[in-house]
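Undergrad: Please see the structure below; I have some questions.
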Amino acid sequence: MIRVLIVCSWGMSTSLLVDSMQEAAAERNCELSVEALSAGEYVARVDECDVVLIAPQIRHLRKSIEKLAAAAGKPVALIEPFYYATMNGRAVLEQVLRLLPGAQEGKPAI
Amino acid sequence: MSVMIERSSAWFERYLVPPLGALASSVYLQAVRDAFIIFTLPLILAGSVFLVVANPPPIPGLQALIAPYQSAILVPFQLSFGIMALFLSFGVAYSLAQYRRTEPVQPGILAMVLFLVATMPVRDITTLTLGEILPFLGGQVLLVAIVIGILTTEVMRWFRGSRFTIRLPKNVPPNVTRAFEALVPTLFLLTLVWALEWFVSSYTYLGMDHQVHQLTLPILLTRAIQPLVVLQNSYPAALLEIILMMLLWSVGIHGMNVVTAIALPFWVSTLAGNAPGGSGHGIVTEPFFHIFAHLGGSGATWPLVIYMLRSRSAQLRTVGKVALGPAIFNINEPVTFGVPMALNPLMMIPFVLVPVTIVTINYSVFALGLVHVPVIMQPFTVPLGISGFFATGGDFRGSLLQFFDLAVSAVLYYPFFKAWERVLVAREEAAAQPEESQVQVRVQAR
């Protein structure tokens, strides 16, 4: 099970991406849970995830999010804006898997 | 052209993103915005439903039917939307505590208590009627709620780290420790706000009903910021707000969120004055932007989606397909990051210019009284056409205005869209080129 935390703004558009990522994960037989939280809410939940992703519209918070994720020992990345725009769950899932060197299809993360 | 675009894009990234990013990263602005969205928006939206039912559109018979029950129908509105400032004070203290990584519920509750203390005149409050204080618990005093919310969390945080905190032995359960830790700051804040309120309410003022009333902190502050509320409800202010929103979006930051956090107290104050039965004629309100300017999402990008569906560029066609569904509900992140509009020097021009033009048209239309001013707030996801009708309290000309603005947007975006499409098509052809020449080379080698 890979637990992804997406830090975003309102969660309105991100929810579309979350659906697409779930579909992509199902295709690859990979267990995935994705949670989209605002920049205020995610702080308390960092410990309960494996990967932190940043939605492009809050790019300006990147440094503070990276710092917090690093302190919790979690890999973090900015979602490629074009993948976000086209709600390309498959590509974003690839991004997640690249961040987790130990994670392969079907195998548990880390 | 492509090189020029990349160069100026790098320039924007370097000089425009940092200051705008800093504004958007302000912890206070973020906390206020979160509080609005999570704690008060549901109350505003649900409360509005009752407000609309109690004040139906001018259809003969319908109004006469509702009239006898109007006060009864208004009760859920009055106790939700009507006292939203109380809950906002909780929300601001709670959200700020989350950003500050401290326990959020205690400051939240304390902020509500402090807000109530600030609202009531210091006297025998058992003889106070609800009607006397109800107007000072809602949209008019959001700034008071925000100030109290921020103050509460910051003071509690300061005390927690200071030597004034009561410390208990380590083996005491954490819940007990927390209660005692909160005791000193709670007493301090309660005394502070109450003393201030007592001082203020030792003065009186002559009300609109020509009776002498006790002054309270919210009344004092409402009067103090009244000039600002008036100032905000003007064309220059509307222009400033829309430009800031679109500049933020132009560098890929959620502009509506940032500007909302600053302007919503003023928007709601102005909108409250427009409420059915009131005499207000305020124009620059939340629906003025969300419903009448951001058609299909911030930047009025609806027409772009249609253009993209039939574009010669594969990238734009892909984005158009994804963007169509969300656009119906005024969500346009696919457009903003897919075209892209953000950090794209060419598309940034209409991205700012189109909403500015629409705001100018709409301001004139509302000022001339051609369409009824906005009276209620709706979720920004209500589709175009329907939202204009409801926002104006049932004026069909509200929908017509939206369609007119849509046409303006379609015309203004077109030349920029075509220019950008040419850039992308050239890029796509260039990307396809090397493969073809390689094939040719191989054929020749044979």
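The way I read the labels, and the way they are meant: chains A, B, ... in the order of the structure tokens, residue 1 as the first residue of every chain, and ligand 1 as the first ligand shown, with later ones counted on from there.
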Please build the interface table for chain A against chain B with a cut-off of 12 Å, listing for each qualifying residue the nearest atom pair and the distance in Å to one decimal; count only C-alpha atoms, order rows by chain and increasing number, and write it as JSON lines.
TA:
```
{"residue": "A:Cys8", "atom": "CA", "partner": "B:His254", "partner_atom": "CA", "distance": 9.9}
{"residue": "A:Ser9", "atom": "CA", "partner": "B:His254", "partner_atom": "CA", "distance": 7.4}
{"residue": "A:Trp10", "atom": "CA", "partner": "B:Ile37", "partner_atom": "CA", "distance": 8.2}
{"residue": "A:Gly11", "atom": "CA", "partner": "B:Ile37", "partner_atom": "CA", "distance": 11.1}
{"residue": "A:Met12", "atom": "CA", "partner": "B:Ile331", "partner_atom": "CA", "distance": 7.8}
{"residue": "A:Ser13", "atom": "CA", "partner": "B:Glu333", "partner_atom": "CA", "distance": 6.7}
{"residue": "A:Thr14", "atom": "CA", "partner": "B:Glu333", "partner_atom": "CA", "distance": 9.1}
{"residue": "A:Ser15", "atom": "CA", "partner": "B:Pro326", "partner_atom": "CA", "distance": 11.2}
{"residue": "A:Leu16", "atom": "CA", "partner": "B:Pro326", "partner_atom": "CA", "distance": 9.0}
{"residue": "A:Leu17", "atom": "CA", "partner": "B:Pro334", "partner_atom": "CA", "distance": 10.5}
{"residue": "A:Ser20", "atom": "CA", "partner": "B:Val322", "partner_atom": "CA", "distance": 11.5}
{"residue": "A:Leu37", "atom": "CA", "partner": "B:Asp34", "partner_atom": "CA", "distance": 11.1}
{"residue": "A:Ser38", "atom": "CA", "partner": "B:Asp34", "partner_atom": "CA", "distance": 8.0}
{"residue": "A:Ala39", "atom": "CA", "partner": "B:Gln30", "partner_atom": "CA", "distance": 8.1}
{"residue": "A:Gly40", "atom": "CA", "partner": "B:Tyr99", "partner_atom": "CA", "distance": 5.4}
{"residue": "A:Glu41", "atom": "CA", "partner": "B:Gln98", "partner_atom": "CA", "distance": 6.8}
{"residue": "A:Tyr42", "atom": "CA", "partner": "B:Gln98", "partner_atom": "CA", "distance": 9.1}
{"residue": "A:Val43", "atom": "CA", "partner": "B:Tyr99", "partner_atom": "CA", "distance": 7.4}
{"residue": "A:Ala44", "atom": "CA", "partner": "B:Arg101", "partner_atom": "CA", "distance": 7.7}
{"residue": "A:Arg45", "atom": "CA", "partner": "B:Gln98", "partner_atom": "CA", "distance": 11.1}
{"residue": "A:Ala55", "atom": "CA", "partner": "B:Ile253", "partner_atom": "CA", "distance": 10.2}
{"residue": "A:Pro56", "atom": "CA", "partner": "B:Gly252", "partner_atom": "CA", "distance": 6.9}
{"residue": "A:Gln57", "atom": "CA", "partner": "B:Ile253", "partner_atom": "CA", "distance": 4.7}
{"residue": "A:Ile58", "atom": "CA", "partner": "B:Ile253", "partner_atom": "CA", "distance": 5.8}
{"residue": "A:Arg59", "atom": "CA", "partner": "B:Ile253", "partner_atom": "CA", "distance": 7.1}
{"residue": "A:His60", "atom": "CA", "partner": "B:Gly21", "partner_atom": "CA", "distance": 4.9}
{"residue": "A:Leu61", "atom": "CA", "partner": "B:Ser25", "partner_atom": "CA", "distance": 6.4}
{"residue": "A:Arg62", "atom": "CA", "partner": "B:Ser25", "partner_atom": "CA", "distance": 10.1}
{"residue": "A:Lys63", "atom": "CA", "partner": "B:Ser25", "partner_atom": "CA", "distance": 10.6}
{"residue": "A:Ser64", "atom": "CA", "partner": "B:Ser25", "partner_atom": "CA", "distance": 9.5}
{"residue": "A:Ile65", "atom": "CA", "partner": "B:Ser25", "partner_atom": "CA", "distance": 11.4}
{"residue": "A:Leu68", "atom": "CA", "partner": "B:Arg101", "partner_atom": "CA", "distance": 11.4}
{"residue": "A:Ile79", "atom": "CA", "partner": "B:Phe337", "partner_atom": "CA", "distance": 11.0}
{"residue": "A:Glu80", "atom": "CA", "partner": "B:Phe337", "partner_atom": "CA", "distance": 9.3}
{"residue": "A:Pro81", "atom": "CA", "partner": "B:Phe337", "partner_atom": "CA", "distance": 5.5}
{"residue": "A:Phe82", "atom": "CA", "partner": "B:Gly338", "partner_atom": "CA", "distance": 5.1}
{"residue": "A:Tyr83", "atom": "CA", "partner": "B:Gly338", "partner_atom": "CA", "distance": 8.0}
{"residue": "A:Tyr84", "atom": "CA", "partner": "B:Pro334", "partner_atom": "CA", "distance": 7.1}
{"residue": "A:Ala85", "atom": "CA", "partner": "B:Pro334", "partner_atom": "CA", "distance": 3.7}
{"residue": "A:Thr86", "atom": "CA", "partner": "B:Val319", "partner_atom": "CA", "distance": 5.7}
{"residue": "A:Met87", "atom": "CA", "partner": "B:Val322", "partner_atom": "CA", "distance": 7.2}
{"residue": "A:Asn88", "atom": "CA", "partner": "B:Val322", "partner_atom": "CA", "distance": 9.5}
```
Undergrad: Given the selection you just returned, output its residues as a file containing N, CA and C atoms, formatted as a tab-separated table (two decimals), in the first residue's frame.
TA:
```
chain	number	residue	atom	x	y	z
A	8	CYS	N	-2.72	20.74	-1.65
A	8	CYS	CA	-3.28	21.58	-2.70
A	8	CYS	C	-4.01	22.76	-2.09
A	9	SER	N	-4.90	23.35	-2.86
A	9	SER	CA	-5.48	24.61	-2.44
A	9	SER	C	-6.89	24.44	-1.89
A	10	TRP	N	-7.79	23.99	-2.73
A	10	TRP	CA	-9.16	23.78	-2.28
A	10	TRP	C	-9.56	22.31	-2.38
A	11	GLY	N	-8.80	21.54	-3.13
A	11	GLY	CA	-9.15	20.14	-3.31
A	11	GLY	C	-10.18	19.93	-4.41
A	12	MET	N	-10.60	21.03	-5.05
A	12	MET	CA	-11.66	20.94	-6.05
A	12	MET	C	-11.16	20.22	-7.31
A	13	SER	N	-10.08	20.75	-7.88
A	13	SER	CA	-9.57	20.14	-9.11
A	13	SER	C	-8.71	18.93	-8.80
A	14	THR	N	-8.09	18.92	-7.63
A	14	THR	CA	-7.22	17.80	-7.29
A	14	THR	C	-8.02	16.51	-7.18
A	15	SER	N	-9.28	16.60	-6.77
A	15	SER	CA	-10.09	15.40	-6.61
A	15	SER	C	-10.22	14.67	-7.95
A	16	LEU	N	-10.21	15.42	-9.06
A	16	LEU	CA	-10.27	14.79	-10.39
A	16	LEU	C	-8.99	13.98	-10.65
A	17	LEU	N	-7.87	14.56	-10.24
A	17	LEU	CA	-6.59	13.87	-10.42
A	17	LEU	C	-6.54	12.61	-9.54
A	20	SER	N	-8.26	9.77	-11.17
A	20	SER	CA	-7.46	9.27	-12.28
A	20	SER	C	-6.28	8.44	-11.79
A	37	LEU	N	-5.10	17.42	0.77
A	37	LEU	CA	-5.36	18.30	1.91
A	37	LEU	C	-4.82	19.70	1.63
A	38	SER	N	-5.37	20.67	2.34
A	38	SER	CA	-4.91	22.05	2.15
A	38	SER	C	-3.59	22.26	2.88
A	39	ALA	N	-2.96	23.38	2.59
A	39	ALA	CA	-1.64	23.67	3.17
A	39	ALA	C	-1.70	23.78	4.69
A	40	GLY	N	-2.88	24.01	5.25
A	40	GLY	CA	-3.00	24.06	6.70
A	40	GLY	C	-3.17	22.67	7.29
A	41	GLU	N	-3.98	21.87	6.59
A	41	GLU	CA	-4.37	20.57	7.13
A	41	GLU	C	-3.28	19.51	7.03
A	42	TYR	N	-2.45	19.58	5.98
A	42	TYR	CA	-1.54	18.47	5.72
A	42	TYR	C	-0.51	18.29	6.82
A	43	VAL	N	-0.20	19.41	7.52
A	43	VAL	CA	0.88	19.39	8.51
A	43	VAL	C	0.74	18.23	9.50
A	44	ALA	N	-0.48	18.05	9.99
A	44	ALA	CA	-0.71	17.03	11.01
A	44	ALA	C	-0.66	15.61	10.44
A	45	ARG	N	-0.71	15.49	9.11
A	45	ARG	CA	-0.84	14.15	8.51
A	45	ARG	C	0.42	13.66	7.81
A	55	ALA	N	0.66	20.32	-5.41
A	55	ALA	CA	-0.10	20.75	-6.59
A	55	ALA	C	0.51	22.05	-7.13
A	56	PRO	N	0.49	22.23	-8.46
A	56	PRO	CA	1.20	23.39	-9.02
A	56	PRO	C	0.70	24.74	-8.53
A	57	GLN	N	-0.58	24.85	-8.19
A	57	GLN	CA	-1.07	26.19	-7.83
A	57	GLN	C	-0.61	26.65	-6.45
A	58	ILE	N	0.08	25.81	-5.70
A	58	ILE	CA	0.65	26.29	-4.43
A	58	ILE	C	2.17	26.11	-4.44
A	59	ARG	N	2.72	26.19	-5.65
A	59	ARG	CA	4.15	26.09	-5.85
A	59	ARG	C	4.95	27.01	-4.92
A	60	HIS	N	4.36	28.18	-4.62
A	60	HIS	CA	5.07	29.16	-3.80
A	60	HIS	C	5.32	28.66	-2.38
A	61	LEU	N	4.61	27.59	-1.97
A	61	LEU	CA	4.81	27.05	-0.63
A	61	LEU	C	5.81	25.90	-0.65
A	62	ARG	N	6.39	25.64	-1.83
A	62	ARG	CA	7.24	24.47	-2.03
A	62	ARG	C	8.32	24.33	-0.96
A	63	LYS	N	9.03	25.45	-0.70
A	63	LYS	CA	10.15	25.37	0.24
A	63	LYS	C	9.70	24.91	1.62
A	64	SER	N	8.63	25.51	2.13
A	64	SER	CA	8.20	25.18	3.49
A	64	SER	C	7.69	23.73	3.54
A	65	ILE	N	7.03	23.29	2.46
A	65	ILE	CA	6.53	21.91	2.44
A	65	ILE	C	7.70	20.92	2.37
A	68	LEU	N	9.33	20.59	5.76
A	68	LEU	CA	8.54	19.79	6.69
A	68	LEU	C	8.61	18.31	6.33
A	79	ILE	N	4.06	18.24	-8.52
A	79	ILE	CA	3.40	17.55	-9.63
A	79	ILE	C	3.67	18.33	-10.91
A	80	GLU	N	4.12	17.63	-11.93
A	80	GLU	CA	4.38	18.24	-13.23
A	80	GLU	C	3.11	18.98	-13.69
A	81	PRO	N	3.17	20.33	-13.88
A	81	PRO	CA	1.95	21.09	-14.16
A	81	PRO	C	1.12	20.54	-15.33
A	82	PHE	N	1.81	20.08	-16.40
A	82	PHE	CA	1.03	19.60	-17.54
A	82	PHE	C	0.28	18.30	-17.20
A	83	TYR	N	0.89	17.44	-16.40
A	83	TYR	CA	0.19	16.22	-15.98
A	83	TYR	C	-1.00	16.57	-15.09
A	84	TYR	N	-0.78	17.58	-14.24
A	84	TYR	CA	-1.87	18.03	-13.38
A	84	TYR	C	-3.01	18.56	-14.25
A	85	ALA	N	-2.65	19.38	-15.23
A	85	ALA	CA	-3.65	20.02	-16.10
A	85	ALA	C	-4.47	18.98	-16.84
A	86	THR	N	-3.80	17.94	-17.34
A	86	THR	CA	-4.52	16.96	-18.14
A	86	THR	C	-5.04	15.81	-17.28
A	87	MET	N	-4.94	15.98	-15.95
A	87	MET	CA	-5.43	14.98	-15.00
A	87	MET	C	-4.88	13.60	-15.36
A	88	ASN	N	-3.60	13.57	-15.69
A	88	ASN	CA	-2.95	12.35	-16.13
A	88	ASN	C	-2.48	11.54	-14.91
```
Undergrad: How far is it from atom CA of Glu23 of chain A to atom CA of Ala36 of chain A, in Å with one decimal?
TA: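 Separating atom CA of Glu23 of chain A from atom CA of Ala36 of chain A is a distance of 16.1 Å.
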Undergrad: Where does DSSP see strand (DSSP E) in segment 202-384 of chain B, if you list the residues as a list of chain:residue names?
TA: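 Going through segment 202-384 of chain B, the strand (DSSP E) residues come out as B:Thr204, B:Tyr205, B:Leu206, B:Val212, B:His213, B:Gln214.
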Undergrad: Would you please give, as number ranges by chain, all residues of segment 1-191 of chain B that DSSP assigns to alpha helix (DSSP H) based on the backbone?
TA: B: 2-15, 17-25, 27-35, 41-54, 62-66, 70-78, 84-99, 105-119, 130-133, 142-161, 174-191
Undergrad: Considering only C-alpha atoms, return as a list in words whatever protein or nucleic-acid residues lie within 7 Å of segment 73-85 of chain B, sequence-local ones (same chain, fewer than 2 positions apart) excluded.
TA: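 Contacts, with the query itself left out: Thr40, Leu43, Ile44, Gly47, Ser48, Phe50, Leu51, Ala54, Tyr69, Gln70, Ser71, Phe87, Leu88, Ser89, Leu137, Gly138, Gly139, Val141, Leu142 and Ala145 of chain B.
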Undergrad: Would you export the selected residues with N, CA and C atoms as a compact mmCIF listing (two decimals), in the first residue's frame, please?
TA:
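Result went into out.txt, see below:
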```txt
# COMPACT_ATOMS: atom_id res chain seq x y z
N THR B 40 -17.08 28.71 7.34
CA THR B 40 -18.23 29.59 7.13
C THR B 40 -18.90 29.42 5.77
N LEU B 43 -22.06 27.44 5.82
CA LEU B 43 -23.14 28.18 6.49
C LEU B 43 -23.72 29.24 5.56
N ILE B 44 -22.81 29.92 4.84
CA ILE B 44 -23.25 30.97 3.91
C ILE B 44 -24.14 30.37 2.83
N GLY B 47 -27.41 28.84 4.33
CA GLY B 47 -28.25 29.93 4.80
C GLY B 47 -28.89 30.70 3.65
N SER B 48 -28.13 30.86 2.55
CA SER B 48 -28.64 31.59 1.40
C SER B 48 -29.90 30.95 0.82
N PHE B 50 -32.34 29.57 2.36
CA PHE B 50 -33.51 30.04 3.09
C PHE B 50 -33.79 31.52 2.78
N LEU B 51 -32.71 32.27 2.58
CA LEU B 51 -32.86 33.69 2.25
C LEU B 51 -33.58 33.84 0.90
N ALA B 54 -37.27 32.83 1.26
CA ALA B 54 -38.04 33.85 1.98
C ALA B 54 -38.27 35.10 1.13
N TYR B 69 -45.18 33.73 5.99
CA TYR B 69 -44.23 32.81 6.64
C TYR B 69 -42.80 33.31 6.58
N GLN B 70 -42.63 34.56 6.07
CA GLN B 70 -41.27 35.04 5.82
C GLN B 70 -40.36 34.96 7.05
N SER B 71 -40.83 35.46 8.20
CA SER B 71 -39.96 35.45 9.38
C SER B 71 -39.62 34.04 9.80
N PHE B 87 -18.68 31.98 14.18
CA PHE B 87 -18.01 30.74 13.77
C PHE B 87 -16.70 31.03 13.05
N LEU B 88 -16.65 32.20 12.42
CA LEU B 88 -15.39 32.57 11.76
C LEU B 88 -14.29 32.78 12.80
N SER B 89 -14.65 33.36 13.95
CA SER B 89 -13.64 33.57 14.98
C SER B 89 -13.06 32.22 15.42
N LEU B 137 -23.38 40.01 14.84
CA LEU B 137 -22.78 38.68 14.88
C LEU B 137 -22.54 38.14 13.47
N GLY B 138 -22.92 38.93 12.47
CA GLY B 138 -22.89 38.42 11.09
C GLY B 138 -21.86 39.08 10.21
N GLY B 139 -22.25 39.23 8.95
CA GLY B 139 -21.33 39.68 7.90
C GLY B 139 -20.67 41.03 8.15
N VAL B 141 -19.30 42.21 10.80
CA VAL B 141 -18.21 42.28 11.79
C VAL B 141 -17.16 41.19 11.58
N LEU B 142 -17.02 40.74 10.34
CA LEU B 142 -16.05 39.66 10.09
C LEU B 142 -14.63 40.05 10.50
N ALA B 145 -14.03 39.38 14.08
CA ALA B 145 -13.85 37.94 14.30
C ALA B 145 -12.44 37.50 13.89
```
Undergrad: Please provide the set of residues having any atom within 10 Å of Glu197 of chain B, restricted to only C-alpha atoms, with same-chain residues fewer than 5 positions apart removed, written as a VMD selection string.
TA: chain B and resid 117 to 122 191 to 192 202 215 to 218
Undergrad: Near Pro169 of chain B, counting only C-alpha atoms, which residues have an atom at most 12 Å away, once you skip same-chain residues fewer than 6 positions from it, shown as a list in words?
TA: Val176, Thr177 and Phe180 of chain B
Undergrad: Tell me which protein, DNA and RNA residues are within 10 Å of segment 298-302 of chain B, counting only C-alpha atoms, leaving out same-chain ones fewer than 2 positions away, and put them as a ChimeraX atom specification.
TA: /B:242,245-246,249-250,254-256,289-290,292-296,304-307,323-324,327-328,330-333,335-336,341,348,350-356,358,384,405-410,413
Undergrad: Which is closer to Asp50 of chain A than all the others in A:Val18, A:Val4, A:Val96, A:Val34, using only C-alpha atoms?
TA: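 Closest candidate: A:Val4.
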Undergrad: Would you work out the distance separating atom CA of Val144 of chain B from atom CA of Asn274 of chain B, expressed in Å to one decimal?
TA: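 Taking atom CA of Val144 of chain B as the start and atom CA of Asn274 of chain B as the end point, the length is 21.1 Å.
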Undergrad: Near Leu5 of chain A, within 7 Å and counting only C-alpha atoms, which residues show up once chain neighbours fewer than 5 positions away are dropped, as a list in words?
TA: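 The residues that qualify are Val34, Glu35, Ala36, Cys49, Val51, Val52 and Leu53 of chain A.
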Undergrad: Hey, which of B:His372, B:Arg310, B:Pro415, B:Gly131 ends up closest to Leu400 of chain B? Count only C-alpha atoms.
TA: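 Using only C-alpha atoms, the shortest distance to Leu400 of chain B belongs to B:His372.
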